[in-house]
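Here the structure comes first, spelled out in structure tokens, and everything after it is commentary.
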Amino acid sequence: MKPQSILRRVGGWLAVAALGAGVGPVALAAPLPSVAVSSAANGSMSSYEGTVESLRQTTLAAQVPGAVVELPVRAGQRVAAGQLLLRIDARAANQAATASQAQIGAARAQLDVAAKDLERKRQLAAKNYISKAALEQAEAGYRAAAAQVNALTAAAAAATTQSGFYVVKAPYAGIISQLSIELGDMAMPGRPLLTIYDPASLRVTASVPSSVIGKVDQAKAQVELPDAGGSMIAPTRVEVLPAVDPRSLTQALRANLPAGLDRAVPGMFARVWLPVPAAAAAAQGGSAPASGSALLGQNIRVPLKSIVRRGEMTGLYVLDAKNRPLLRQVRLGRTTGDQVEILSGLQAGERVVTEPQAAARVQ
């Protein structure tokens with residue numbers, strides 16, 4: 001028999017023996033570890049939903065038509081500046097460039113003949129053996145041959161430059177965020193090929209009510225990335241655009257993120273937290289909050305290890321008046337270190353169990 005089965009059977013015998021002897025339920029050997037939550041009165045914070053953007057994000061498009069014959073990169077790959085991203089079939093362009101070089105050689109040969117003919121005509125004209133018109137004709141022939149060489153040289157340079165359009169290289173060091181073409185596809189002028197961004201130059205843009213912008217200390221702004229750990233990040237620079245959206249009466253606030261955030265990518269959801277004065281907090285809390293914002297007045301925090309996640313439910317165990325653990329659903333806010341903020345579902349003065357597994361066994 002398995003040890004678990006033996007323990008369950010022995011436990012059943014003890015429970016039956018206790019009931020037969022008229023003894024009540026067995027008391028807990030030790031109370032559950034818990035902490036009393038309190039409300040901090042050090043001010044309110046207001047959060048505004050935003051999006052992570054890249055200060056340097058480039059969509060590379062084709063400049064010439066042709067089939068993609070080489071594609072050594074993939075989406076999500078980090079590339080260096082000048083690294084080969086893709087190559088388009090350039091055989092026709094290379095042949096045109098070779099033909100241009102051959103035409104330049106023929107034109108230069110004609111130029112040499114015209115130069116020698118002009119030199120002879122000048123010697124004959126000096127001895128009055130030929131007319132002045134014949135000398136002028138030789139000079140015109142030389143100038144025409146020189147012009148032909150210059151024109152073909154320019155055409156060859158254009159053909160060589162166009163040959164470079166068939167090779168696409170990274171304009172700067174970054175990450176490939178999107179590939180819009182596959183190996184063998186036909187690239188056409190203007191068709192997007194891929195998108196690259198610089199992970200060291202990211203920012204969060206959020207819409208903040210214009211009535212709040214002038215009442216908060218922007219230097220104390222904090223950024224939260226829930227999908228990248230949820231920890232608070234101090235921006236390196238905060239900028240507010242002067243234009244006000246006439247429909248939402250909001251202004252765009254841009255908070256530059258520090259370099260080295262590997263999990264932050266453009267398009268990611270983010271929150272910008274701003275310290276709100278008491279008057280502004282009361283005004284915003286007394287009416288309907290602005291779209292995409294959440295006002296925090298109580299600032300209740302609990303240990304992060306006390307949070308219970310079961311499927312889509314997030315909760316924690318709260319002790320009732322008889323010290324019995326009751327599972328309660330809560331809504332989480334920002335995480336700072338080993339503490340997490342509770343937005344709703346918990347009141348100051350209640351006791352939270354810090355070991356949810358022990359509370360689940362008691363239940």
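Lettering and numbering for the structure tokens are positional, with chains as A, B, ... in the shown order, residues counted from 1 in each chain, and ligands counted from 1 in the shown order.
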
Legend entry - Exercise: stretch 345-355 of chain A partners within 12 Å, only C-alpha atoms, chain neighbours under 6 positions left out, as a PyMOL selection string: chain A and resi 31-41+297-308+314-333+338-339+361-362

- Query: atom CA of A:Val216 and atom CA of A:Arg56, how far apart in Å?
  - Reply: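 Interatomic distance, atom CA of A:Arg56 to atom CA of A:Val216: 28.8 Å.
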
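The list of residues with at least one atom within 9 Å of A:Leu241, based on only C-alpha atoms and without residues fewer than 2 positions apart in the same chain, reads A:Glu239, A:Ala243, A:Val244, A:Gln251, A:Ala252, A:Leu253, A:Arg254.
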
The distance between atom CA of A:Thr98 and atom CA of A:Asp112 is 21.6 Å

Of A:Leu84, A:Arg108, A:Gly230, A:Thr51, the one sitting nearest A:Ala206 when using only C-alpha atoms is A:Thr51
